[in-house]
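Dropping work-v8.txt in here (compact mmCIF, C-alpha atoms and all ligand atoms):
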# COMPACT_ATOMS: atom_id res chain seq x y z
CA MET A 1 348.95 -29.37 31.94
CA GLU A 2 348.60 -31.17 35.25
CA PHE A 3 345.24 -32.66 34.26
CA GLY A 4 346.67 -33.96 30.96
CA LEU A 5 349.67 -35.48 32.70
CA LYS A 6 347.49 -37.15 35.33
CA LEU A 7 345.32 -38.67 32.62
CA LEU A 8 348.40 -39.82 30.73
CA TRP A 9 350.05 -41.45 33.72
CA SER A 10 346.87 -43.02 35.06
CA THR A 11 346.33 -44.64 31.65
CA ALA A 12 349.98 -45.64 31.28
CA SER A 13 349.91 -47.14 34.79
CA ALA A 14 346.80 -49.15 33.97
CA ILE A 15 348.43 -50.61 30.85
CA GLY A 16 351.89 -50.92 32.38
CA LEU A 17 354.91 -49.02 31.08
CA ARG A 18 356.83 -52.20 30.34
CA ARG A 19 354.05 -53.51 28.09
CA LEU A 20 353.86 -50.18 26.27
CA MET A 21 357.61 -50.04 25.69
CA LYS A 22 357.87 -53.64 24.54
CA MET A 23 355.26 -52.91 21.84
CA LEU A 24 357.66 -50.35 20.42
CA PRO A 25 360.67 -51.02 18.14
CA LYS A 26 363.08 -53.88 18.59
CA ALA A 27 365.71 -51.75 20.34
CA TYR A 28 363.74 -51.97 23.60
CA LYS A 29 364.26 -55.71 23.78
CA ALA A 30 367.62 -55.07 25.43
CA THR A 31 366.08 -52.73 28.00
CA THR A 32 366.24 -53.48 31.71
CA PHE A 33 363.12 -52.60 33.67
CA PHE A 34 362.96 -52.22 37.39
CA PHE A 35 361.23 -55.55 37.87
CA ASP A 36 364.11 -57.23 36.07
CA GLY A 37 366.16 -56.08 39.02
CA VAL A 38 365.21 -55.81 42.68
CA ALA A 39 361.49 -56.26 42.90
CA CYS A 40 360.12 -57.73 46.07
CA LYS A 41 356.95 -56.45 47.62
CA GLY A 42 357.80 -53.29 49.52
CA HIS A 43 360.93 -52.54 47.52
CA VAL A 44 361.18 -49.76 44.96
CA GLY A 45 364.24 -48.93 42.85
CA LEU A 46 364.48 -45.16 42.79
CA THR A 47 365.86 -43.23 39.82
CA ILE A 48 365.94 -39.46 39.25
CA ASP A 49 366.49 -38.01 35.77
CA ASP A 50 368.08 -34.86 34.38
CA GLY A 51 370.40 -34.36 37.34
CA LEU A 52 372.08 -33.04 39.03
CA CYS A 53 370.70 -29.58 38.65
CA ARG A 54 369.45 -28.30 35.33
CA ASN A 55 369.27 -24.67 36.41
CA GLY A 56 372.83 -24.45 37.70
CA PRO A 57 374.26 -24.57 41.20
CA GLY A 58 372.30 -21.48 42.42
CA PRO A 59 368.82 -23.00 42.85
CA SER A 60 370.22 -26.52 43.39
CA MET A 61 368.19 -28.68 45.79
CA VAL A 62 370.60 -31.60 45.67
CA ALA A 63 371.41 -31.19 49.37
CA GLU A 64 367.69 -31.35 50.32
CA VAL A 65 367.15 -34.43 48.15
CA ALA A 66 370.23 -36.08 49.67
CA THR A 67 368.93 -35.36 53.19
CA LEU A 68 365.50 -36.79 52.34
CA LEU A 69 367.07 -39.95 50.92
CA LYS A 70 369.22 -40.31 54.01
CA GLU A 71 366.20 -39.89 56.29
CA HIS A 72 364.60 -42.89 54.59
CA ASP A 73 367.84 -44.84 54.30
CA ALA A 74 367.22 -44.94 50.53
CA ARG A 75 369.74 -45.19 47.68
CA CYS A 76 369.04 -43.79 44.27
CA THR A 77 370.41 -43.83 40.73
CA PHE A 78 370.69 -40.30 39.37
CA PHE A 79 370.56 -40.23 35.57
CA VAL A 80 372.87 -37.32 34.99
CA CYS A 81 373.21 -34.93 32.03
CA SER A 82 376.85 -33.86 31.74
CA GLU A 83 375.98 -30.16 31.33
CA TYR A 84 374.02 -30.22 34.57
CA LEU A 85 376.98 -31.58 36.48
CA VAL A 86 378.94 -28.39 36.00
CA GLY A 87 379.24 -26.49 39.27
CA VAL A 88 377.76 -29.31 41.40
CA GLU A 89 380.66 -31.75 41.19
CA ALA A 90 381.20 -31.65 44.95
CA GLU A 91 377.53 -32.54 45.57
CA ALA A 92 377.87 -35.37 43.02
CA GLU A 93 380.90 -36.71 44.86
CA ALA A 94 379.03 -36.54 48.18
CA LEU A 95 376.08 -38.47 46.71
CA VAL A 96 378.38 -41.22 45.44
CA HIS A 97 380.08 -41.31 48.81
CA GLU A 98 376.67 -41.90 50.44
CA GLY A 99 376.03 -44.92 48.23
CA HIS A 100 374.05 -43.37 45.38
CA GLU A 101 374.85 -44.14 41.77
CA LEU A 102 375.23 -41.97 38.66
CA GLY A 103 373.97 -43.09 35.24
CA ASN A 104 374.34 -41.61 31.75
CA HIS A 105 371.46 -39.43 30.48
CA MET A 106 373.37 -37.66 27.67
CA THR A 107 374.53 -34.04 27.67
CA SER A 108 371.33 -32.12 28.42
CA ASP A 109 367.56 -32.45 28.36
CA LYS A 110 367.16 -31.51 24.66
CA GLN A 111 363.70 -32.65 23.57
CA PHE A 112 363.33 -35.15 20.71
CA TYR A 113 366.96 -34.68 19.73
CA PHE A 114 369.34 -37.53 20.57
CA HIS A 115 367.53 -40.33 18.73
CA LYS A 116 367.85 -38.32 15.50
CA LEU A 117 371.62 -37.82 15.75
CA PRO A 118 373.85 -39.62 13.25
CA ALA A 119 375.46 -42.64 14.95
CA GLY A 120 378.93 -41.05 15.12
CA GLU A 121 377.68 -37.90 16.78
CA PHE A 122 375.52 -39.82 19.23
CA GLU A 123 378.52 -41.92 20.19
CA GLN A 124 380.67 -38.86 20.76
CA GLN A 125 378.10 -37.29 23.08
CA LEU A 126 377.51 -40.58 24.86
CA ARG A 127 381.23 -41.01 25.47
CA GLY A 128 381.60 -37.36 26.58
CA THR A 129 378.82 -37.81 29.15
CA THR A 130 380.32 -41.02 30.52
CA GLN A 131 383.71 -39.31 30.81
CA ALA A 132 382.23 -36.31 32.65
CA ILE A 133 380.47 -38.63 35.11
CA GLU A 134 383.48 -40.90 35.61
CA ALA A 135 385.59 -37.81 36.41
CA VAL A 136 383.59 -37.52 39.66
CA PRO A 137 385.76 -39.17 42.33
CA GLY A 138 384.38 -42.48 43.55
CA VAL A 139 382.09 -43.14 40.58
CA GLY A 140 384.14 -45.97 39.06
CA ARG A 141 382.62 -47.24 35.83
CA VAL A 142 379.22 -45.97 34.67
CA ARG A 143 376.91 -48.97 34.08
CA TRP A 144 373.53 -47.57 33.15
CA PHE A 145 372.15 -45.48 30.31
CA ARG A 146 368.67 -44.03 30.03
CA ALA A 147 367.55 -42.65 26.67
CA PRO A 148 366.23 -39.07 26.97
CA GLN A 149 362.41 -39.12 26.72
CA ALA A 150 362.83 -42.93 26.53
CA LEU A 151 363.33 -42.57 22.76
CA TYR A 152 365.63 -45.39 21.83
CA THR A 153 366.56 -46.62 18.35
CA GLN A 154 368.35 -49.77 17.24
CA SER A 155 371.31 -47.66 16.20
CA MET A 156 371.48 -46.14 19.71
CA GLU A 157 371.18 -49.63 21.18
CA ARG A 158 374.21 -50.84 19.21
CA THR A 159 376.33 -47.90 20.41
CA VAL A 160 375.14 -48.12 24.03
CA THR A 161 375.88 -51.85 24.16
CA SER A 162 379.30 -51.42 22.56
CA HIS A 163 380.14 -48.99 25.38
CA GLY A 164 379.33 -51.65 27.97
CA LEU A 165 376.26 -49.74 29.17
CA ARG A 166 372.78 -51.15 29.80
CA HIS A 167 369.60 -49.33 28.94
CA ALA A 168 367.29 -48.90 31.90
CA LEU A 169 363.70 -47.71 32.03
CA GLY A 170 361.36 -47.77 35.00
CA ASP A 171 358.19 -49.82 35.40
CA CYS A 172 356.77 -46.82 37.24
CA TYR A 173 356.88 -43.18 36.34
CA ALA A 174 355.15 -40.05 37.52
CA ASP A 175 355.54 -36.43 36.48
CA ASP A 176 356.30 -35.41 40.02
CA TRP A 177 358.02 -32.24 38.82
CA ALA A 178 354.76 -30.99 37.30
CA MET A 179 352.52 -31.97 40.22
CA GLU A 180 353.87 -29.92 43.00
CA HIS A 181 350.87 -30.22 45.27
CA ASN A 182 349.97 -33.77 44.40
CA ALA A 183 352.40 -35.97 46.23
CA ASP A 184 349.51 -38.30 47.06
CA PHE A 185 348.61 -38.78 43.42
CA VAL A 186 352.25 -39.48 42.53
CA ALA A 187 352.62 -41.98 45.36
CA ARG A 188 349.34 -43.73 44.50
CA THR A 189 350.20 -43.95 40.79
CA ILE A 190 353.59 -45.41 41.52
CA LEU A 191 352.52 -47.82 44.23
CA LYS A 192 349.75 -49.17 42.01
CA GLN A 193 352.45 -50.48 39.74
CA VAL A 194 354.66 -52.09 42.36
CA ALA A 195 353.97 -55.78 42.03
CA GLU A 196 355.24 -58.56 44.21
CA GLY A 197 358.12 -60.04 42.35
CA VAL A 198 361.55 -61.48 42.53
CA PHE A 199 365.13 -60.49 43.07
CA ALA A 200 367.41 -60.69 40.06
CA LEU A 201 371.15 -60.95 40.49
CA PRO A 202 374.28 -62.08 38.68
CA VAL A 203 375.52 -65.40 40.12
CA PHE A 204 377.70 -67.42 37.73
CA SER A 205 380.46 -66.35 35.35
CA GLU A 206 380.19 -67.07 31.64
CA ARG A 207 383.11 -69.48 31.97
CA PHE A 208 381.37 -71.44 34.72
CA CYS A 209 378.17 -71.72 32.67
CA GLN A 210 380.11 -72.93 29.65
CA LEU A 211 381.99 -75.57 31.68
CA LEU A 212 378.81 -76.78 33.35
CA CYS A 213 377.07 -77.09 29.97
CA GLU A 214 380.04 -79.11 28.65
CA GLU A 215 379.83 -81.36 31.71
CA LEU A 216 376.08 -81.83 31.21
CA ASP A 217 376.65 -82.73 27.54
CA ALA A 218 379.34 -85.25 28.51
CA PHE A 219 377.04 -86.74 31.16
CA GLY A 220 374.28 -87.03 28.56
CA ARG A 221 376.63 -88.85 26.16
CA SER A 222 377.94 -91.21 28.86
CA GLY A 223 374.76 -93.29 28.92
CA LEU A 224 374.79 -93.30 32.74
CA PRO A 225 371.32 -93.47 34.28
CA CYS A 226 369.85 -90.01 34.54
CA GLY A 227 366.80 -89.07 36.62
CA GLN A 228 364.14 -86.57 35.67
CA PRO A 229 364.94 -83.15 37.25
CA ASN A 230 361.55 -82.97 39.00
CA SER A 231 357.98 -84.20 38.62
CA MET A 232 357.24 -81.51 36.01
CA ASN A 233 360.35 -81.16 33.84
CA ARG A 234 361.28 -84.26 31.84
CA HIS A 235 364.57 -83.00 30.42
CA GLY A 236 367.67 -81.86 32.24
CA ALA A 237 369.76 -83.37 35.04
CA LEU A 238 369.86 -83.93 38.77
CA LEU A 239 373.09 -82.31 39.92
CA ASP A 240 373.76 -84.77 42.76
CA GLU A 241 373.97 -87.45 40.04
CA LEU A 242 376.85 -85.47 38.58
CA GLY A 243 378.56 -85.36 41.99
CA LEU A 244 378.28 -81.58 42.17
CA TYR A 245 376.87 -81.19 45.69
CA PRO A 246 379.93 -81.40 47.98
CA GLY A 247 382.36 -79.18 46.06
CA LEU A 248 379.94 -76.74 44.46
CA LEU A 249 376.28 -76.56 45.41
CA ASP A 250 376.52 -77.24 49.16
CA PRO A 251 379.07 -74.43 49.67
CA LEU A 252 377.19 -72.11 47.30
CA VAL A 253 374.03 -72.54 49.37
CA ARG A 254 375.73 -72.48 52.77
CA GLU A 255 378.29 -69.72 52.28
CA TRP A 256 376.56 -67.45 49.83
CA LEU A 257 372.83 -67.97 49.45
CA VAL A 258 371.89 -68.53 53.11
CA PRO A 259 373.65 -65.34 54.28
CA LEU A 260 372.00 -63.43 51.43
CA CYS A 261 368.54 -64.82 52.17
CA SER A 262 368.93 -64.05 55.85
CA GLN A 263 369.30 -60.35 54.95
CA ILE A 264 366.27 -60.06 52.65
CA PRO A 265 363.13 -59.72 54.80
CA ALA A 266 360.81 -61.63 52.41
CA PHE A 267 363.17 -64.64 52.51
CA ALA A 268 364.20 -64.32 56.16
CA ALA A 269 360.47 -64.64 57.00
CA VAL A 270 360.37 -68.15 55.51
CA GLY A 271 363.50 -69.42 57.23
CA GLY A 272 365.95 -67.84 54.76
CA GLY A 273 368.69 -67.72 57.39
CA HIS A 274 368.19 -71.43 58.24
CA LEU A 275 367.99 -73.09 54.84
CA ASN A 276 369.59 -76.42 55.62
CA SER A 277 368.92 -78.55 52.56
CA HIS A 278 368.51 -78.15 48.84
CA LYS A 279 367.59 -79.97 45.69
CA SER A 280 369.54 -78.74 42.68
CA PHE A 281 368.91 -79.59 39.07
CA VAL A 282 369.11 -78.31 35.52
CA VAL A 283 365.99 -77.90 33.38
CA THR A 284 366.33 -78.02 29.61
CA TYR A 285 363.83 -76.66 27.11
CA ARG A 286 363.98 -77.49 23.40
CA ILE A 287 361.37 -77.22 20.65
CA GLY A 288 359.54 -80.54 20.41
CA GLU A 289 360.62 -81.58 23.95
CA ASP A 290 359.80 -79.53 27.07
CA GLU A 291 358.98 -76.09 25.70
CA HIS A 292 357.37 -74.47 28.74
CA LEU A 293 356.37 -75.12 32.35
CA THR A 294 352.86 -74.56 33.67
CA GLU A 295 351.91 -72.63 36.84
CA HIS A 296 353.20 -74.22 40.01
CA PHE A 297 354.94 -73.49 43.29
CA ASP A 298 358.12 -75.20 44.38
CA ASN A 299 358.88 -77.67 47.14
CA ALA A 300 361.19 -74.98 48.49
CA GLU A 301 361.21 -71.98 50.81
CA VAL A 302 363.47 -70.01 48.45
CA THR A 303 364.38 -70.86 44.86
CA LEU A 304 367.38 -69.71 42.84
CA ASN A 305 366.96 -70.04 39.09
CA ALA A 306 370.00 -69.17 36.93
CA ASN A 307 370.19 -68.96 33.17
CA LEU A 308 373.11 -70.97 31.81
CA GLY A 309 373.31 -68.83 28.71
CA LEU A 310 372.44 -70.95 25.69
CA SER A 311 370.73 -69.13 22.86
CA PHE A 312 366.92 -69.06 22.85
CA GLU A 313 363.96 -66.77 22.23
CA ALA A 314 361.15 -65.98 24.73
CA GLY A 315 360.81 -68.43 27.68
CA GLU A 316 360.19 -65.70 30.29
CA LEU A 317 359.27 -66.58 33.86
CA CYS A 318 355.88 -65.25 35.03
CA PHE A 319 354.93 -64.70 38.67
CA TYR A 320 351.31 -64.79 39.88
CA GLY A 321 351.64 -64.03 43.59
CA HIS A 322 351.76 -66.19 46.73
CA LYS A 323 350.10 -69.61 46.42
CA ASP A 324 347.34 -68.65 48.88
CA ALA A 325 346.43 -65.53 46.94
CA ALA A 326 347.62 -66.19 43.39
CA LYS A 327 345.96 -64.25 40.58
CA ASP A 328 345.07 -65.46 37.08
CA ALA A 329 347.25 -62.82 35.42
CA PRO A 330 350.94 -62.48 36.21
CA SER A 331 351.94 -59.61 38.49
CA ALA A 332 355.58 -59.67 37.42
CA HIS A 333 357.67 -61.38 34.83
CA HIS A 334 361.34 -61.95 34.28
CA ALA A 335 362.90 -61.98 30.85
CA TRP A 336 366.34 -63.54 30.68
CA THR A 337 367.82 -60.54 28.84
CA ALA A 338 370.45 -59.86 31.52
CA GLY A 339 372.18 -62.90 30.08
CA VAL A 340 374.58 -65.63 30.99
CA GLY A 341 374.79 -66.61 34.64
CA HIS A 342 372.08 -64.18 35.79
CA ALA A 343 369.52 -65.57 38.17
CA VAL A 344 366.30 -64.81 39.96
CA LEU A 345 365.80 -65.53 43.62
CA HIS A 346 362.16 -65.97 44.54
CA LEU A 347 359.91 -67.36 47.22
CA GLY A 348 359.21 -71.01 46.51
CA GLN A 349 355.56 -70.31 47.36
CA GLN A 350 355.25 -67.70 44.61
CA VAL A 351 353.20 -69.34 41.87
CA HIS A 352 355.23 -69.15 38.68
CA ALA A 353 355.36 -70.53 35.16
CA ALA A 354 357.86 -70.57 32.31
CA LEU A 355 356.45 -69.32 29.01
CA PRO A 356 357.24 -71.37 25.88
CA ILE A 357 360.55 -70.82 24.15
CA THR A 358 360.05 -70.07 20.45
CA GLU A 359 363.48 -71.18 19.26
CA GLY A 360 366.85 -72.42 20.48
CA GLU A 361 367.59 -74.18 23.75
CA ARG A 362 367.17 -72.88 27.29
CA ARG A 363 369.04 -74.45 30.18
CA ASN A 364 368.58 -73.19 33.72
CA LEU A 365 370.15 -74.28 36.95
CA VAL A 366 367.50 -74.39 39.68
CA ILE A 367 368.19 -74.69 43.43
CA TRP A 368 365.20 -75.41 45.68
CA MET A 369 366.29 -74.45 49.19
CA ARG A 370 364.45 -75.69 52.27
CA SER A 371 364.42 -75.01 55.98
CA THR A 372 363.57 -77.88 58.34
CA ALA A 373 363.15 -75.37 61.19
CA TRP A 374 360.57 -73.40 59.22
CA ARG A 375 358.72 -76.55 58.10
CA ARG A 376 358.48 -77.82 61.70
CA GLU A 377 356.57 -74.64 62.52
CA ASN A 378 354.65 -74.09 59.32
CA GLY A 379 354.40 -77.45 57.63
CA CYS A 380 355.73 -78.77 54.38
CA PRO A 381 354.37 -76.58 51.53
CA MET A 382 353.40 -79.67 49.55
CA CYS A 383 351.65 -81.89 52.15
CA GLY A 384 351.27 -79.63 55.18
CA SER A 385 353.03 -82.11 57.50
CA THR A 386 355.10 -80.75 60.38
CA ASP A 387 356.58 -84.08 61.41
CA ARG A 388 358.09 -86.77 59.20
CA LEU A 389 360.60 -84.13 58.05
CA LEU A 390 364.05 -85.36 57.13
CA GLU A 391 367.01 -83.40 58.47
CA GLY A 392 368.82 -81.66 55.65
CA SER A 393 372.53 -81.24 55.34
CA ALA A 394 373.41 -78.32 53.08
O1 LIG B 401 362.10 -73.04 33.57
C1 LIG B 401 362.29 -72.32 34.52
O2 LIG B 401 363.08 -71.37 34.46
C2 LIG B 401 361.52 -72.53 35.78
C3 LIG B 401 361.84 -73.82 36.43
C4 LIG B 401 361.05 -73.98 37.68
O3 LIG B 401 360.24 -73.16 38.04
C5 LIG B 401 361.26 -75.13 38.54
O4 LIG B 401 361.94 -76.07 38.10
O5 LIG B 401 360.75 -75.15 39.66
FE FE B 402 359.49 -73.67 39.97
How would this structure read if it were set down as structure tokens?
Ligand SMILES: O=C(O)CCC(=O)C(=O)O
Ligand SMILES: [Fe+2]
Amino acid sequence: MEFGLKLLWSTASAIGLRRLMKMLPKAYKATTFFFDGVACKGHVGLTIDDGLCRNGPGPSMVAEVATLLKEHDARCTFFVCSEYLVGVEAEAEALVHEGHELGNHMTSDKQFYFHKLPAGEFEQQLRGTTQAIEAVPGVGRVRWFRAPQALYTQSMERTVTSHGLRHALGDCYADDWAMEHNADFVARTILKQVAEGVFALPVFSERFCQLLCEELDAFGRSGLPCGQPNSMNRHGALLDELGLYPGLLDPLVREWLVPLCSQIPAFAAVGGGHLNSHKSFVVTYRIGEDEHLTEHFDNAEVTLNANLGLSFEAGELCFYGHKDAAKDAPSAHHAWTAGVGHAVLHLGQQVHAALPITEGERRNLVIWMRSTAWRRENGCPMCGSTDRLLEGSA
């Protein structure tokens, strides 16, 4: 069995789990993969399925796993089956207390079962599992669902979404449970799939996005002169022309994004704690106008790119690695499935491109953040100059 599994996971790793899943039925379109979330080089999002202990409290190794996670200062999402929670509720509570998270993985690890259930029965078991997990003190609201054996139908998707849950699958997977003496193989297989990527995070509320879009429409109708957002995008708006720097973007950068960037090593290394100026604009993509954006890097140390939530198809962002070592094929990509107000935060020097939209209109708010201190040392990313730098004022 071990040989078969190794072959399977080596092949799946080479193709990429995300690509395999996206070839499957439509339901997977609404699936969140790890690289849609935290995905910077050196960061792995850890999930453990079929918890907490499928063989009952007797042989439970939850305490050992918790100790190991603590040793590495790691947090994990346990995808829990409600039947396997029985008898280990105290351990579950302790895990939550230590910062781990519990997700919904249905009632038990029945093989090839849940995707065949009639919708009503599936819903009942889904709800029962959420209730059992939420009964653990400290859990709050369960946010994530993972389909058993990753078998997910459109009918399941409708129910899962109506319960306010999001479907999550990993970009990496290894049958560690079947490869007891092969920790090296498991680590290698997983690490092979960890690409340098981006951080994804919710930033703006739906209401804010709607109001900003209304403001942009009104500005468009006003006939006031309107500059091109940057040298590449022809359509959109420069947000200082709308007067949005002092009350909105300056404080957003200064009070929220700079402190965040100072805490994330990849951004702190490029002056993330000293970002003192920004250029903020909206890019607009419509069929027949700008439909895509070719590979480039930004005149920025760190870029925030938030989706303002209009309706469109495709238009994913692809990342090709740092400008000095960029590859021809993307190493990570970000679909905008997380929805209105969600953003990616990435290194300005990551080469990236926006794939064509195939219908609708995409509007994104982009903030290019710069650090004069970093540029004095390292040069402007566009021209290499270390002098002739203007002081910023964010
Ligand atoms: O269209 C996008 O989401 C990407 C925009 C972008 O990369 C930029 O304006 O620098
Ligand atoms: Fe860009």
Nearby polymer residues, ligand FE 402 (chain B), at most 12 Å, only C-alpha atoms and all ligand atoms, as a short mmCIF file (atom, residue, chain, number, x, y, z; two decimals) with C-alpha atoms, in the frame of the given file:
data_model
loop_
_atom_site.label_atom_id
_atom_site.label_comp_id
_atom_site.auth_asym_id
_atom_site.auth_seq_id
_atom_site.Cartn_x
_atom_site.Cartn_y
_atom_site.Cartn_z
CA PRO A 229 364.94 -83.15 37.25
CA ASN A 230 361.55 -82.97 39.00
CA SER A 231 357.98 -84.20 38.62
CA MET A 232 357.24 -81.51 36.01
CA ASN A 233 360.35 -81.16 33.84
CA LYS A 279 367.59 -79.97 45.69
CA SER A 280 369.54 -78.74 42.68
CA PHE A 281 368.91 -79.59 39.07
CA VAL A 282 369.11 -78.31 35.52
CA VAL A 283 365.99 -77.90 33.38
CA HIS A 292 357.37 -74.47 28.74
CA LEU A 293 356.37 -75.12 32.35
CA THR A 294 352.86 -74.56 33.67
CA GLU A 295 351.91 -72.63 36.84
CA HIS A 296 353.20 -74.22 40.01
CA PHE A 297 354.94 -73.49 43.29
CA ASP A 298 358.12 -75.20 44.38
CA ASN A 299 358.88 -77.67 47.14
CA ALA A 300 361.19 -74.98 48.49
CA GLU A 301 361.21 -71.98 50.81
CA VAL A 302 363.47 -70.01 48.45
CA THR A 303 364.38 -70.86 44.86
CA LEU A 304 367.38 -69.71 42.84
CA ASN A 305 366.96 -70.04 39.09
CA ALA A 306 370.00 -69.17 36.93
CA LEU A 317 359.27 -66.58 33.86
CA CYS A 318 355.88 -65.25 35.03
CA PHE A 319 354.93 -64.70 38.67
CA VAL A 344 366.30 -64.81 39.96
CA LEU A 345 365.80 -65.53 43.62
CA HIS A 346 362.16 -65.97 44.54
CA LEU A 347 359.91 -67.36 47.22
CA GLY A 348 359.21 -71.01 46.51
CA GLN A 349 355.56 -70.31 47.36
CA GLN A 350 355.25 -67.70 44.61
CA VAL A 351 353.20 -69.34 41.87
CA HIS A 352 355.23 -69.15 38.68
CA ALA A 353 355.36 -70.53 35.16
CA ALA A 354 357.86 -70.57 32.31
CA ASN A 364 368.58 -73.19 33.72
CA LEU A 365 370.15 -74.28 36.95
CA VAL A 366 367.50 -74.39 39.68
CA ILE A 367 368.19 -74.69 43.43
CA TRP A 368 365.20 -75.41 45.68
CA MET A 369 366.29 -74.45 49.19
#
Test item: residues at most 12 Å from Glu361 in chain A, only C-alpha atoms, excluding those fewer than 2 positions along its chain, as a VMD selection string: chain A and resid 213 235 to 236 283 to 292 307 to 315 356 to 359 363 to 364
For those residues, write C-alpha atoms to a file as a short mmCIF file (atom, residue, chain, number, x, y, z; two decimals), keeping the file's coordinate frame.
data_model
loop_
_atom_site.label_atom_id
_atom_site.label_comp_id
_atom_site.auth_asym_id
_atom_site.auth_seq_id
_atom_site.Cartn_x
_atom_site.Cartn_y
_atom_site.Cartn_z
CA CYS A 213 377.07 -77.09 29.97
CA HIS A 235 364.57 -83.00 30.42
CA GLY A 236 367.67 -81.86 32.24
CA VAL A 283 365.99 -77.90 33.38
CA THR A 284 366.33 -78.02 29.61
CA TYR A 285 363.83 -76.66 27.11
CA ARG A 286 363.98 -77.49 23.40
CA ILE A 287 361.37 -77.22 20.65
CA GLY A 288 359.54 -80.54 20.41
CA GLU A 289 360.62 -81.58 23.95
CA ASP A 290 359.80 -79.53 27.07
CA GLU A 291 358.98 -76.09 25.70
CA HIS A 292 357.37 -74.47 28.74
CA ASN A 307 370.19 -68.96 33.17
CA LEU A 308 373.11 -70.97 31.81
CA GLY A 309 373.31 -68.83 28.71
CA LEU A 310 372.44 -70.95 25.69
CA SER A 311 370.73 -69.13 22.86
CA PHE A 312 366.92 -69.06 22.85
CA GLU A 313 363.96 -66.77 22.23
CA ALA A 314 361.15 -65.98 24.73
CA GLY A 315 360.81 -68.43 27.68
CA PRO A 356 357.24 -71.37 25.88
CA ILE A 357 360.55 -70.82 24.15
CA THR A 358 360.05 -70.07 20.45
CA GLU A 359 363.48 -71.18 19.26
CA ARG A 363 369.04 -74.45 30.18
CA ASN A 364 368.58 -73.19 33.72
#
Which centre and edge lengths in Å to one decimal define the box along x, y and z that fits every listed atom of ligand LIG 401 (chain B) plus 4 Å per side, as AutoDock Vina command-line options?
--center_x 361.7 --center_y -73.7 --center_z 36.6 --size_x 10.8 --size_y 12.7 --size_z 14.1
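The interatomic distance for the pair CA of Lys70 in chain A and CA of Asp171 in chain A works out to 23.6 Å.
Each of A:Ser82, A:Thr189, A:Asn378, A:Thr107 was checked against Ala132 in chain A using all atoms listed in the file; the smallest atom-to-atom distance is that of A:Ser82.
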Pick from A:Leu69, A:Glu93, A:Glu316, A:Gln125 nearest to ligand LIG 401 (chain B), counting all atoms listed in the file: A:Glu316
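One distance worth recording is that between CA of Leu260 in chain A and CA of Gly273 in chain A, which is 8.1 Å.
With all atoms listed in the file as the atoms that count, the minimum distance from Phe185 in chain A to the choices A:Leu5, A:Val86, A:Leu46, A:Ala326 is reached by A:Leu5.
Across A:Asn182, A:Thr130, A:Thr31, A:Ser155, the tightest approach to Arg143 in chain A is made by A:Thr130 when counting only C-alpha atoms.
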Please produce, as JSON lines, a per-residue contact table for range 146-202 of chain A versus range 47-62 of chain A (criterion: any atom at most 9 Å away, all atoms listed in the file considered), showing the nearest atom pair and its distance in Å to one decimal, sorted by chain then residue number.
{"residue": "A:Arg146", "atom": "CA", "partner": "A:Asp49", "partner_atom": "CA", "distance": 8.6}
{"residue": "A:Pro148", "atom": "CA", "partner": "A:Asp50", "partner_atom": "CA", "distance": 8.7}
{"residue": "A:Gly170", "atom": "CA", "partner": "A:Thr47", "partner_atom": "CA", "distance": 8.0}
Å distance separating atom C1 of ligand LIG 401 (chain B) from CA of Phe33 in chain A, one decimal place: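 The value is 19.8 Å.
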Residue nearest Leu151 in chain A - candidates A:Leu249, A:Glu98, A:Leu165, A:Tyr113, atoms counted: only C-alpha atoms: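 Smallest distance to Leu151 in chain A is found for A:Tyr113.
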Nearest-residue call for His278 in chain A, choices A:Tyr173, A:Phe145, A:Tyr245, A:Trp336, using all atoms listed in the file: A:Tyr245
Non-local contacts of Ala269 in chain A (12 Å; only C-alpha atoms; under 3 positions in same chain excluded) as a list in words: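 So the residues in contact are Cys261, Ser262, Gln263, Ile264, Pro265, Ala266, Gly272, Gly273, His274, Leu275, Glu301, Val302, Leu347, Ser371, Ala373, Trp374 and Asn378 of chain A.
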